[in-house]
$ cat model39.txt   # compact mmCIF, C-alpha atoms
# COMPACT_ATOMS: atom_id res chain seq x y z
CA MET M 1488 -22.40 -183.52 -47.53
CA GLN M 1489 -23.45 -181.60 -50.60
CA SER M 1490 -22.67 -177.91 -50.43
CA TRP M 1491 -25.65 -175.56 -50.52
CA ARG M 1492 -23.84 -173.77 -53.33
CA ASP M 1493 -24.45 -176.75 -55.60
CA ASN M 1494 -28.18 -176.00 -55.44
CA LEU M 1495 -28.04 -172.36 -56.45
CA ARG M 1496 -29.89 -171.53 -59.64
CA ARG M 1497 -27.32 -170.00 -61.96
CA VAL M 1498 -28.37 -167.75 -64.80
CA THR M 1499 -26.79 -164.95 -66.77
CA PRO M 1500 -28.82 -161.90 -65.70
CA TYR M 1501 -30.22 -159.15 -67.86
CA VAL M 1502 -28.03 -156.02 -67.78
CA PRO M 1503 -30.00 -152.75 -68.04
CA GLY M 1504 -28.65 -149.50 -69.42
CA GLU M 1505 -26.28 -147.59 -67.19
CA GLN M 1506 -27.89 -145.14 -64.74
CA PRO M 1507 -25.26 -142.41 -64.26
CA ASP M 1508 -25.27 -140.70 -60.87
CA LYS M 1509 -24.66 -137.23 -62.26
CA LYS M 1510 -26.86 -134.18 -62.68
CA LYS M 1511 -25.72 -132.87 -66.05
CA VAL M 1512 -25.78 -135.75 -68.48
CA ILE M 1513 -27.45 -136.46 -71.80
CA LYS M 1514 -28.99 -139.85 -71.12
CA LEU M 1515 -29.90 -141.65 -74.34
CA ASN M 1516 -29.32 -145.25 -73.28
CA ALA M 1517 -32.55 -146.53 -71.70
CA ASN M 1518 -35.32 -145.47 -74.12
CA GLU M 1519 -36.85 -143.27 -71.45
CA ASN M 1520 -39.23 -140.49 -72.44
CA PRO M 1521 -37.50 -137.08 -72.20
CA TYR M 1522 -40.74 -135.29 -71.32
CA PRO M 1523 -42.55 -135.31 -67.96
CA PRO M 1524 -45.74 -137.26 -67.34
CA ALA M 1525 -49.07 -135.60 -68.09
CA PRO M 1526 -50.06 -132.75 -65.75
CA ALA M 1527 -52.98 -134.88 -64.53
CA VAL M 1528 -50.45 -137.44 -63.25
CA MET M 1529 -48.60 -134.85 -61.21
CA LYS M 1530 -51.86 -133.49 -59.80
CA ALA M 1531 -53.09 -137.00 -58.94
CA ARG M 1532 -50.26 -137.39 -56.44
CA GLU M 1533 -52.43 -135.41 -54.03
CA LYS M 1534 -54.98 -138.25 -54.09
CA ILE M 1535 -52.59 -140.89 -52.79
CA ARG M 1536 -53.79 -141.83 -49.32
CA HIS M 1537 -53.70 -144.66 -46.80
CA LEU M 1538 -50.28 -146.07 -47.67
CA ARG M 1539 -50.46 -148.11 -44.47
CA ARG M 1540 -53.10 -150.32 -46.12
CA TYR M 1541 -52.59 -152.95 -48.79
CA PRO M 1542 -53.59 -151.84 -52.30
CA ASP M 1543 -56.47 -153.39 -54.19
CA PRO M 1544 -55.11 -156.83 -55.23
CA THR M 1545 -57.28 -156.82 -58.36
CA ALA M 1546 -56.11 -153.32 -59.39
CA SER M 1547 -59.73 -152.85 -60.43
CA SER M 1548 -59.63 -149.07 -60.96
CA LEU M 1549 -56.61 -149.26 -63.29
CA VAL M 1550 -57.91 -152.33 -65.09
CA ARG M 1551 -61.22 -150.52 -65.65
CA ALA M 1552 -59.45 -147.42 -66.96
CA ILE M 1553 -57.25 -149.40 -69.38
CA ALA M 1554 -60.19 -151.45 -70.61
CA GLY M 1555 -62.20 -148.30 -71.26
CA TYR M 1556 -59.29 -146.64 -73.04
CA HIS M 1557 -58.91 -149.57 -75.44
CA GLY M 1558 -62.60 -150.41 -75.78
CA LEU M 1559 -62.26 -153.83 -74.14
CA LYS M 1560 -63.90 -155.70 -71.30
CA GLU M 1561 -62.18 -155.63 -67.93
CA SER M 1562 -61.79 -159.40 -68.20
CA GLN M 1563 -59.48 -158.81 -71.19
CA VAL M 1564 -56.95 -156.72 -69.21
CA PHE M 1565 -54.14 -157.76 -66.86
CA VAL M 1566 -51.81 -155.32 -65.08
CA GLY M 1567 -48.40 -155.74 -63.48
CA VAL M 1568 -45.29 -153.99 -62.20
CA GLY M 1569 -43.96 -152.82 -65.54
CA SER M 1570 -44.13 -154.89 -68.71
CA ASP M 1571 -41.17 -156.95 -67.47
CA ASP M 1572 -43.36 -158.29 -64.65
CA VAL M 1573 -46.19 -158.98 -67.09
CA LEU M 1574 -43.86 -160.74 -69.52
CA ALA M 1575 -42.20 -162.85 -66.82
CA LEU M 1576 -45.60 -163.99 -65.56
CA SER M 1577 -46.59 -164.73 -69.16
CA PHE M 1578 -43.56 -166.99 -69.57
CA LEU M 1579 -44.56 -168.82 -66.39
CA THR M 1580 -48.20 -169.08 -67.42
CA PHE M 1581 -48.10 -170.00 -71.10
CA PHE M 1582 -44.74 -171.60 -71.93
CA ASN M 1583 -44.98 -174.93 -70.16
CA SER M 1584 -44.67 -177.61 -72.84
CA ASP M 1585 -41.54 -179.59 -73.63
CA LYS M 1586 -41.36 -177.86 -77.03
CA ALA M 1587 -39.04 -174.92 -77.55
CA ILE M 1588 -40.49 -171.43 -77.65
CA CYS M 1589 -39.26 -169.15 -80.42
CA PHE M 1590 -38.04 -165.56 -80.51
CA PRO M 1591 -35.55 -163.60 -82.68
CA ASP M 1592 -31.80 -163.83 -82.14
CA ILE M 1593 -31.60 -160.03 -82.02
CA THR M 1594 -34.35 -158.81 -79.72
CA TYR M 1595 -35.11 -157.79 -76.14
CA SER M 1596 -32.38 -159.54 -74.18
CA PHE M 1597 -34.58 -160.43 -71.21
CA TYR M 1598 -36.35 -163.20 -73.19
CA ASP M 1599 -33.53 -165.73 -72.98
CA VAL M 1600 -32.92 -164.77 -69.33
CA TRP M 1601 -36.50 -165.70 -68.38
CA ALA M 1602 -36.35 -168.86 -70.47
CA ASP M 1603 -33.19 -169.96 -68.67
CA LEU M 1604 -34.56 -168.97 -65.26
CA PHE M 1605 -37.82 -170.87 -65.71
CA ARG M 1606 -36.17 -173.83 -67.48
CA ILE M 1607 -38.08 -173.24 -70.72
CA PRO M 1608 -36.48 -174.65 -73.88
CA TYR M 1609 -36.09 -172.03 -76.59
CA GLU M 1610 -34.84 -171.43 -80.12
CA GLN M 1611 -33.59 -168.08 -81.35
CA LYS M 1612 -34.54 -167.48 -84.97
CA ALA M 1613 -32.00 -165.45 -86.92
CA LEU M 1614 -33.16 -162.15 -88.37
CA ASP M 1615 -32.39 -161.70 -92.06
CA GLU M 1616 -29.54 -159.52 -93.31
CA ARG M 1617 -31.74 -156.40 -92.98
CA PHE M 1618 -32.71 -157.33 -89.40
CA HIS M 1619 -36.25 -158.36 -90.38
CA ILE M 1620 -38.07 -161.30 -88.79
CA ARG M 1621 -38.52 -164.16 -91.26
CA VAL M 1622 -42.09 -165.25 -90.53
CA GLU M 1623 -41.60 -168.62 -92.19
CA ASP M 1624 -39.03 -169.53 -89.52
CA TYR M 1625 -41.93 -169.61 -87.05
CA TYR M 1626 -44.09 -172.02 -89.07
CA PRO M 1627 -42.72 -175.31 -87.60
CA GLU M 1628 -44.20 -176.77 -84.44
CA ASN M 1629 -43.11 -174.94 -81.29
CA GLY M 1630 -44.06 -174.22 -77.68
CA GLY M 1631 -44.94 -170.55 -78.18
CA VAL M 1632 -43.75 -167.36 -79.86
CA ILE M 1633 -42.73 -163.97 -78.50
CA PHE M 1634 -41.29 -160.90 -80.20
CA PRO M 1635 -41.41 -157.10 -79.81
CA ASN M 1636 -43.11 -154.96 -82.43
CA PRO M 1637 -41.35 -152.68 -83.20
CA ASN M 1638 -38.43 -154.95 -82.47
CA ALA M 1639 -35.75 -153.92 -80.01
CA PRO M 1640 -33.01 -152.88 -80.43
CA THR M 1641 -33.57 -152.49 -84.19
CA GLY M 1642 -36.78 -150.42 -84.12
CA ILE M 1643 -38.15 -152.30 -87.14
CA LEU M 1644 -41.93 -152.63 -87.37
CA MET M 1645 -43.60 -155.80 -88.65
CA PRO M 1646 -46.78 -155.01 -90.63
CA LEU M 1647 -50.08 -156.54 -89.59
CA SER M 1648 -50.21 -158.70 -92.73
CA ARG M 1649 -47.09 -160.59 -91.62
CA ILE M 1650 -48.30 -160.79 -88.03
CA ARG M 1651 -51.53 -162.37 -89.28
CA ASP M 1652 -49.47 -164.84 -91.31
CA LEU M 1653 -47.46 -165.79 -88.22
CA LEU M 1654 -50.65 -166.20 -86.16
CA ASP M 1655 -52.27 -168.36 -88.83
CA HIS M 1656 -49.33 -170.77 -88.58
CA ASN M 1657 -49.36 -170.82 -84.76
CA ARG M 1658 -52.97 -171.45 -83.77
CA ASP M 1659 -52.11 -174.02 -81.10
CA VAL M 1660 -49.68 -171.97 -78.99
CA VAL M 1661 -49.71 -168.59 -77.31
CA VAL M 1662 -48.20 -165.78 -79.37
CA ILE M 1663 -47.04 -162.75 -77.35
CA ILE M 1664 -46.41 -159.43 -79.07
CA ASP M 1665 -44.45 -157.01 -76.92
CA GLU M 1666 -45.69 -153.57 -77.99
CA ALA M 1667 -43.54 -151.45 -75.69
CA TYR M 1668 -42.79 -149.03 -78.55
CA ILE M 1669 -45.94 -149.25 -80.67
CA ASP M 1670 -47.10 -145.70 -79.89
CA PHE M 1671 -44.12 -144.14 -81.68
CA GLY M 1672 -45.36 -144.86 -85.18
CA GLY M 1673 -46.61 -148.42 -85.45
CA THR M 1674 -49.97 -150.07 -86.03
CA SER M 1675 -51.01 -152.20 -83.08
CA ALA M 1676 -52.09 -155.82 -83.40
CA LEU M 1677 -54.80 -155.13 -80.82
CA PRO M 1678 -57.67 -155.46 -83.36
CA LEU M 1679 -56.63 -159.10 -83.88
CA ILE M 1680 -57.27 -160.32 -80.32
CA ASP M 1681 -60.95 -160.98 -81.01
CA GLU M 1682 -59.98 -163.10 -84.00
CA TYR M 1683 -57.09 -164.98 -82.36
CA ASP M 1684 -57.83 -166.16 -78.83
CA ASN M 1685 -54.16 -167.19 -78.43
CA LEU M 1686 -52.79 -163.67 -79.01
CA LEU M 1687 -51.50 -161.65 -76.05
CA ILE M 1688 -50.51 -157.99 -76.45
CA VAL M 1689 -48.19 -156.52 -73.79
CA ARG M 1690 -47.84 -152.76 -73.27
CA THR M 1691 -46.07 -150.41 -70.86
CA PHE M 1692 -46.50 -146.92 -69.38
CA SER M 1693 -42.71 -146.56 -69.20
CA LYS M 1694 -42.01 -145.31 -72.72
CA SER M 1695 -44.74 -143.30 -74.38
CA ARG M 1696 -46.42 -142.24 -71.11
CA SER M 1697 -43.20 -141.03 -69.40
CA MET M 1698 -43.73 -143.20 -66.32
CA ALA M 1699 -40.75 -145.56 -66.18
CA GLY M 1700 -40.26 -144.69 -62.52
CA VAL M 1701 -43.78 -145.81 -61.58
CA ARG M 1702 -43.61 -149.31 -63.13
CA ILE M 1703 -46.90 -150.07 -64.89
CA GLY M 1704 -47.31 -152.73 -67.55
CA TYR M 1705 -50.36 -154.51 -68.86
CA ALA M 1706 -51.54 -157.28 -71.15
CA LEU M 1707 -54.54 -157.41 -73.47
CA GLY M 1708 -56.03 -160.64 -74.74
CA SER M 1709 -58.84 -163.15 -74.58
CA GLU M 1710 -60.62 -163.76 -71.30
CA ASP M 1711 -59.03 -167.22 -71.03
CA LEU M 1712 -55.50 -165.82 -71.35
CA ILE M 1713 -56.14 -163.08 -68.80
CA ARG M 1714 -57.73 -165.54 -66.38
CA GLY M 1715 -54.62 -167.71 -66.64
CA LEU M 1716 -52.35 -164.76 -65.88
CA ASN M 1717 -54.43 -163.76 -62.85
CA ASP M 1718 -54.34 -167.32 -61.51
CA VAL M 1719 -50.55 -167.41 -61.70
CA LYS M 1720 -50.28 -163.94 -60.20
CA GLY M 1721 -52.56 -164.99 -57.35
CA SER M 1722 -50.35 -167.96 -56.55
CA PHE M 1723 -47.18 -165.84 -56.71
CA ASN M 1724 -47.95 -162.38 -55.29
CA SER M 1725 -51.47 -160.98 -55.02
CA TYR M 1726 -50.33 -157.42 -54.24
CA THR M 1727 -48.14 -156.65 -57.22
CA MET M 1728 -49.38 -153.14 -57.97
CA ASN M 1729 -48.79 -150.43 -55.35
CA GLN M 1730 -51.35 -147.74 -54.61
CA PRO M 1731 -49.41 -144.81 -56.18
CA SER M 1732 -49.08 -146.76 -59.43
CA LEU M 1733 -52.81 -147.44 -59.51
CA VAL M 1734 -53.72 -143.79 -58.92
CA LEU M 1735 -51.12 -142.28 -61.26
CA GLY M 1736 -51.69 -144.82 -64.02
CA GLU M 1737 -55.40 -144.10 -64.12
CA ALA M 1738 -54.71 -140.36 -64.25
CA SER M 1739 -52.32 -140.78 -67.19
CA LEU M 1740 -55.10 -142.11 -69.40
CA LYS M 1741 -57.18 -138.95 -68.97
CA GLU M 1742 -54.97 -136.52 -70.92
CA GLU M 1743 -54.98 -137.77 -74.48
CA SER M 1744 -54.03 -134.44 -76.05
CA TYR M 1745 -50.87 -134.16 -73.93
CA PHE M 1746 -50.01 -137.80 -74.72
CA ARG M 1747 -50.38 -137.26 -78.47
CA ASP M 1748 -48.41 -134.01 -78.40
CA THR M 1749 -45.51 -135.71 -76.62
CA LEU M 1750 -45.49 -138.51 -79.17
CA ARG M 1751 -45.50 -135.97 -82.01
CA LYS M 1752 -42.44 -134.18 -80.61
CA ILE M 1753 -40.50 -137.43 -80.20
CA ILE M 1754 -41.38 -138.65 -83.69
CA GLU M 1755 -40.42 -135.30 -85.27
CA THR M 1756 -37.10 -135.31 -83.41
CA ARG M 1757 -36.46 -138.92 -84.42
CA GLU M 1758 -36.95 -138.11 -88.10
CA TRP M 1759 -34.65 -135.09 -87.79
CA LEU M 1760 -32.03 -137.26 -86.08
CA LYS M 1761 -32.20 -139.78 -88.93
CA GLU M 1762 -31.35 -137.07 -91.46
CA GLU M 1763 -28.44 -135.84 -89.36
CA LEU M 1764 -27.06 -139.34 -88.86
CA LEU M 1765 -27.20 -140.03 -92.59
CA ARG M 1766 -25.32 -136.78 -93.22
CA LEU M 1767 -22.61 -137.90 -90.79
CA GLY M 1768 -22.08 -141.29 -92.45
CA PHE M 1769 -24.30 -143.53 -90.34
CA CYS M 1770 -26.69 -146.19 -91.59
CA PHE M 1771 -29.64 -147.69 -89.71
CA PRO M 1772 -32.91 -149.58 -90.14
CA ASP M 1773 -36.01 -147.43 -90.42
CA SER M 1774 -37.00 -147.11 -86.77
CA LYS M 1775 -40.61 -146.76 -85.68
CA ALA M 1776 -39.63 -146.65 -81.99
CA ASN M 1777 -38.23 -143.89 -79.77
CA PHE M 1778 -34.66 -144.82 -80.64
CA VAL M 1779 -32.42 -145.28 -83.67
CA PHE M 1780 -30.12 -148.29 -84.13
CA ALA M 1781 -27.17 -146.84 -86.01
CA SER M 1782 -23.79 -147.95 -87.35
CA HIS M 1783 -21.06 -145.71 -88.77
CA SER M 1784 -19.44 -146.59 -92.07
CA ARG M 1785 -15.87 -146.14 -90.77
CA VAL M 1786 -15.73 -145.67 -87.00
CA PRO M 1787 -16.29 -148.60 -84.59
CA ALA M 1788 -19.40 -148.30 -82.44
CA ARG M 1789 -17.49 -149.02 -79.24
CA ASP M 1790 -15.15 -146.09 -79.90
CA ILE M 1791 -18.08 -143.69 -80.36
CA PHE M 1792 -19.79 -145.10 -77.26
CA GLU M 1793 -16.70 -144.60 -75.09
CA ALA M 1794 -15.95 -141.14 -76.47
CA ALA M 1795 -19.53 -140.01 -75.87
CA ARG M 1796 -19.45 -141.37 -72.32
CA LYS M 1797 -16.41 -139.25 -71.55
CA LYS M 1798 -18.51 -136.23 -72.54
CA ASP M 1799 -21.36 -137.40 -70.26
CA ILE M 1800 -23.46 -138.53 -73.21
CA TYR M 1801 -24.81 -142.04 -72.67
CA VAL M 1802 -25.99 -144.26 -75.52
CA ARG M 1803 -26.39 -148.06 -75.52
CA TYR M 1804 -23.73 -150.39 -76.92
CA PHE M 1805 -24.24 -154.15 -77.23
CA ASP M 1806 -21.09 -156.23 -77.37
CA ARG M 1807 -22.80 -159.10 -79.15
CA PRO M 1808 -22.39 -160.87 -82.50
CA ARG M 1809 -24.02 -159.17 -85.50
CA ILE M 1810 -24.77 -155.94 -83.65
CA ASP M 1811 -21.42 -154.95 -82.12
CA GLN M 1812 -21.02 -152.18 -84.69
CA TYR M 1813 -24.32 -150.54 -83.76
CA LEU M 1814 -25.38 -148.01 -81.16
CA ARG M 1815 -28.93 -147.74 -79.87
CA ILE M 1816 -29.63 -144.04 -79.50
CA THR M 1817 -32.71 -142.99 -77.54
CA VAL M 1818 -34.53 -139.96 -78.89
CA GLY M 1819 -34.32 -137.19 -76.30
CA THR M 1820 -35.49 -133.61 -76.55
CA ARG M 1821 -34.55 -131.65 -79.67
CA GLU M 1822 -31.98 -129.73 -77.60
CA GLU M 1823 -30.40 -132.97 -76.32
CA MET M 1824 -30.22 -134.44 -79.81
CA GLU M 1825 -28.66 -131.28 -81.23
CA LEU M 1826 -25.96 -131.48 -78.55
CA PHE M 1827 -25.44 -135.16 -79.40
CA VAL M 1828 -25.10 -134.37 -83.11
CA ASP M 1829 -22.64 -131.57 -82.26
CA PHE M 1830 -20.56 -134.10 -80.34
CA LEU M 1831 -20.62 -136.51 -83.29
CA GLU M 1832 -19.56 -133.79 -85.72
CA ASP M 1833 -16.60 -132.80 -83.54
CA TYR M 1834 -15.59 -136.37 -82.83
CA LEU M 1835 -15.77 -137.51 -86.46
CA PHE M 1836 -13.92 -134.39 -87.62
CA ASN M 1837 -11.10 -135.12 -85.18
CA ILE M 1838 -11.01 -138.74 -86.36
CA ASN M 1839 -10.79 -137.66 -89.99
CA THR M 1840 -8.04 -135.14 -89.27
CA GLY M 1841 -6.00 -137.61 -87.22
CA LYS M 1842 -6.44 -135.89 -83.87
CA PHE M 1843 -7.57 -139.15 -82.27

$ encode --input "model39.txt" --output "structure tokens"
Amino acid sequence: MQSWRDNLRRVTPYVPGEQPDKKKVIKLNANENPYPPAPAVMKAREKIRHLRRYPDPTASSLVRAIAGYHGLKESQVFVGVGSDDVLALSFLTFFNSDKAICFPDITYSFYDVWADLFRIPYEQKALDERFHIRVEDYYPENGGVIFPNPNAPTGILMPLSRIRDLLDHNRDVVVIIDEAYIDFGGTSALPLIDEYDNLLIVRTFSKSRSMAGVRIGYALGSEDLIRGLNDVKGSFNSYTMNQPSLVLGEASLKEESYFRDTLRKIIETREWLKEELLRLGFCFPDSKANFVFASHSRVPARDIFEAARKKDIYVRYFDRPRIDQYLRITVGTREEMELFVDFLEDYLFNINTGKF
């Protein structure tokens, strides 16, 4: 008899950033927002009622709010449990040919996990020596395209002119742009969805809206794309969004001034951090996200990562080809980043004086 173990689906899972179980840490490893959600979100908790009942399976109130915020029709909006849920359903919905889908070799490391899980053939296109996407690599026939903009973990933004070029060469497949970090200084491709009916934009409340713990993601695109996503969702799990997420997500969209002020503080701190890192001998691509992807000219990234961890400072290290000398550093509050820079100064001084 064949063992049941022979029929297990085996994949290499995605590994998220470490979640330390300590109170006093500087946590710069998961690209979380260091500021609390908008006051309207905290107040809206009082409106959460009837948890014994199933939530609205169409998430109509949140869909309506997102559509109004972006000036779209409700039929152009899809919501899910974080952008990971939306992206996974998008893989299931749109990437079903026998042709390989394409995404960068250095990018969000969940893409190849989903492709393996759903048995989707894929090709990883190498970024150039400056970590930029080479648009011409995506010209040949393929089964679909996906990439983040700004890219992760590099933080590099692709301008709309190059996105349009990529779309013009991929009219017959779905192109997904993962805009998890677009609010931190990028120009969204959202205006292109009326021109390209095969373009899907995916967003999240986790980063710029400080709501990673609530799990809200959404997609924007043509009515045909959104209808396809809803059909797959309906055959998989109709009740994906819980009631607190629906209530709190809608409330988040009502405080634009708080949202913009939070973004301003993060962007200002990011630019200050860049100057400090340059002073300390680091180099990095020009990030337009809420993190910096930095490499030191003399000290191995793993050594800095491990030394910081001993001081309860957590950054992200990827032990992978081409990027194993880089650290992804989330932008925290100004106070947190000043403490991080102080650590770097002390650590590098001790390295230079032979104390380590």

$ residues_around --input "model39.txt" --residues "stretch 1513-1516 of chain M" --least-positions-apart "4" --cutoff "12 Å" --atoms "only C-alpha atoms" --output "ChimeraX atom specification"
/M:1503-1509,1520-1521,1640,1777-1780,1792,1795-1805,1814-1828,1830

$ write_last_selection --input "model39.txt" --atoms "C-alpha atoms" --output "PDB file, in the coordinates of the input"
ATOM      1  CA  PRO M1503     -30.000-152.750 -68.040  1.00  0.00           C
ATOM      2  CA  GLY M1504     -28.650-149.500 -69.420  1.00  0.00           C
ATOM      3  CA  GLU M1505     -26.280-147.590 -67.190  1.00  0.00           C
ATOM      4  CA  GLN M1506     -27.890-145.140 -64.740  1.00  0.00           C
ATOM      5  CA  PRO M1507     -25.260-142.410 -64.260  1.00  0.00           C
ATOM      6  CA  ASP M1508     -25.270-140.700 -60.870  1.00  0.00           C
ATOM      7  CA  LYS M1509     -24.660-137.230 -62.260  1.00  0.00           C
ATOM      8  CA  ASN M1520     -39.230-140.490 -72.440  1.00  0.00           C
ATOM      9  CA  PRO M1521     -37.500-137.080 -72.200  1.00  0.00           C
ATOM     10  CA  PRO M1640     -33.010-152.880 -80.430  1.00  0.00           C
ATOM     11  CA  ASN M1777     -38.230-143.890 -79.770  1.00  0.00           C
ATOM     12  CA  PHE M1778     -34.660-144.820 -80.640  1.00  0.00           C
ATOM     13  CA  VAL M1779     -32.420-145.280 -83.670  1.00  0.00           C
ATOM     14  CA  PHE M1780     -30.120-148.290 -84.130  1.00  0.00           C
ATOM     15  CA  PHE M1792     -19.790-145.100 -77.260  1.00  0.00           C
ATOM     16  CA  ALA M1795     -19.530-140.010 -75.870  1.00  0.00           C
ATOM     17  CA  ARG M1796     -19.450-141.370 -72.320  1.00  0.00           C
ATOM     18  CA  LYS M1797     -16.410-139.250 -71.550  1.00  0.00           C
ATOM     19  CA  LYS M1798     -18.510-136.230 -72.540  1.00  0.00           C
ATOM     20  CA  ASP M1799     -21.360-137.400 -70.260  1.00  0.00           C
ATOM     21  CA  ILE M1800     -23.460-138.530 -73.210  1.00  0.00           C
ATOM     22  CA  TYR M1801     -24.810-142.040 -72.670  1.00  0.00           C
ATOM     23  CA  VAL M1802     -25.990-144.260 -75.520  1.00  0.00           C
ATOM     24  CA  ARG M1803     -26.390-148.060 -75.520  1.00  0.00           C
ATOM     25  CA  TYR M1804     -23.730-150.390 -76.920  1.00  0.00           C
ATOM     26  CA  PHE M1805     -24.240-154.150 -77.230  1.00  0.00           C
ATOM     27  CA  LEU M1814     -25.380-148.010 -81.160  1.00  0.00           C
ATOM     28  CA  ARG M1815     -28.930-147.740 -79.870  1.00  0.00           C
ATOM     29  CA  ILE M1816     -29.630-144.040 -79.500  1.00  0.00           C
ATOM     30  CA  THR M1817     -32.710-142.990 -77.540  1.00  0.00           C
ATOM     31  CA  VAL M1818     -34.530-139.960 -78.890  1.00  0.00           C
ATOM     32  CA  GLY M1819     -34.320-137.190 -76.300  1.00  0.00           C
ATOM     33  CA  THR M1820     -35.490-133.610 -76.550  1.00  0.00           C
ATOM     34  CA  ARG M1821     -34.550-131.650 -79.670  1.00  0.00           C
ATOM     35  CA  GLU M1822     -31.980-129.730 -77.600  1.00  0.00           C
ATOM     36  CA  GLU M1823     -30.400-132.970 -76.320  1.00  0.00           C
ATOM     37  CA  MET M1824     -30.220-134.440 -79.810  1.00  0.00           C
ATOM     38  CA  GLU M1825     -28.660-131.280 -81.230  1.00  0.00           C
ATOM     39  CA  LEU M1826     -25.960-131.480 -78.550  1.00  0.00           C
ATOM     40  CA  PHE M1827     -25.440-135.160 -79.400  1.00  0.00           C
ATOM     41  CA  VAL M1828     -25.100-134.370 -83.110  1.00  0.00           C
ATOM     42  CA  PHE M1830     -20.560-134.100 -80.340  1.00  0.00           C
TER      43      PHE M1830
END

$ atom_distance --input "model39.txt" --atom1 "atom CA of M:Arg1536" --atom2 "atom CA of M:Ala1554"
24.2 Å

$ atom_distance --input "model39.txt" --atom1 "atom CA of M:Lys1586" --atom2 "atom CA of M:Ala1676"
25.3 Å

$ closest_residue --input "model39.txt" --among "M:Phe1746, M:Trp1491, M:Phe1618, M:Phe1836" --to "M:Leu1767" --atoms "all atoms listed in the file"
M:Phe1836

$ residues_around --input "model39.txt" --residues "M:Thr1727" --least-positions-apart "4" --cutoff "12 Å" --atoms "all atoms listed in the file" --output "list in words"
Tyr1541, Pro1542, Asp1543, Pro1544, Thr1545, Ala1546, Phe1565, Val1566, Gly1567, Val1568, Gly1569, Asp1572, Val1573, Leu1576, Arg1702, Ile1703, Gly1704, Asn1717, Val1719, Lys1720, Gly1721, Ser1722, Phe1723, Pro1731, Ser1732 and Leu1733 of chain M

$ residues_around --input "model39.txt" --residues "M:Asp1773" --least-positions-apart "2" --cutoff "8 Å" --atoms "only C-alpha atoms" --output "list in words"
Gly1642, Ile1643, Phe1771, Lys1775 and Val1779 of chain M

$ atom_distance --input "model39.txt" --atom1 "atom CA of M:Pro1526" --atom2 "atom CA of M:Glu1742"
8.1 Å

$ closest_residue --input "model39.txt" --among "M:Lys1741, M:Arg1696, M:Arg1651, M:Arg1617" --to "M:Asn1518" --atoms "only C-alpha atoms"
M:Arg1696

$ closest_residue --input "model39.txt" --among "M:Pro1637, M:Pro1524, M:Pro1627, M:Pro1608" --to "M:Ser1774" --atoms "all atoms listed in the file"
M:Pro1637

$ closest_residue --input "model39.txt" --among "M:Arg1649, M:Arg1551, M:Lys1612, M:His1656" --to "M:Tyr1626" --atoms "all atoms listed in the file"
M:His1656

$ closest_residue --input "model39.txt" --among "M:Trp1759, M:Tyr1745, M:Tyr1522, M:Tyr1683" --to "M:Leu1712" --atoms "only C-alpha atoms"
M:Tyr1683

$ closest_residue --input "model39.txt" --among "M:Val1512, M:Leu1538, M:Leu1750, M:Leu1579" --to "M:Ser1695" --atoms "only C-alpha atoms"
M:Leu1750

$ residues_around --input "model39.txt" --residues "M:Val1550" --least-positions-apart "5" --cutoff "10 Å" --atoms "only C-alpha atoms" --output "VMD selection string"
chain M and resid 1545 1555 to 1556 1560 to 1566 1705 1733 1736 to 1737

$ residues_around --input "model39.txt" --residues "stretch 1785-1788 of chain M" --least-positions-apart "2" --cutoff "7 Å" --atoms "all atoms listed in the file" --output "PyMOL selection string"
chain M and resi 1782-1783+1790-1792+1811-1814
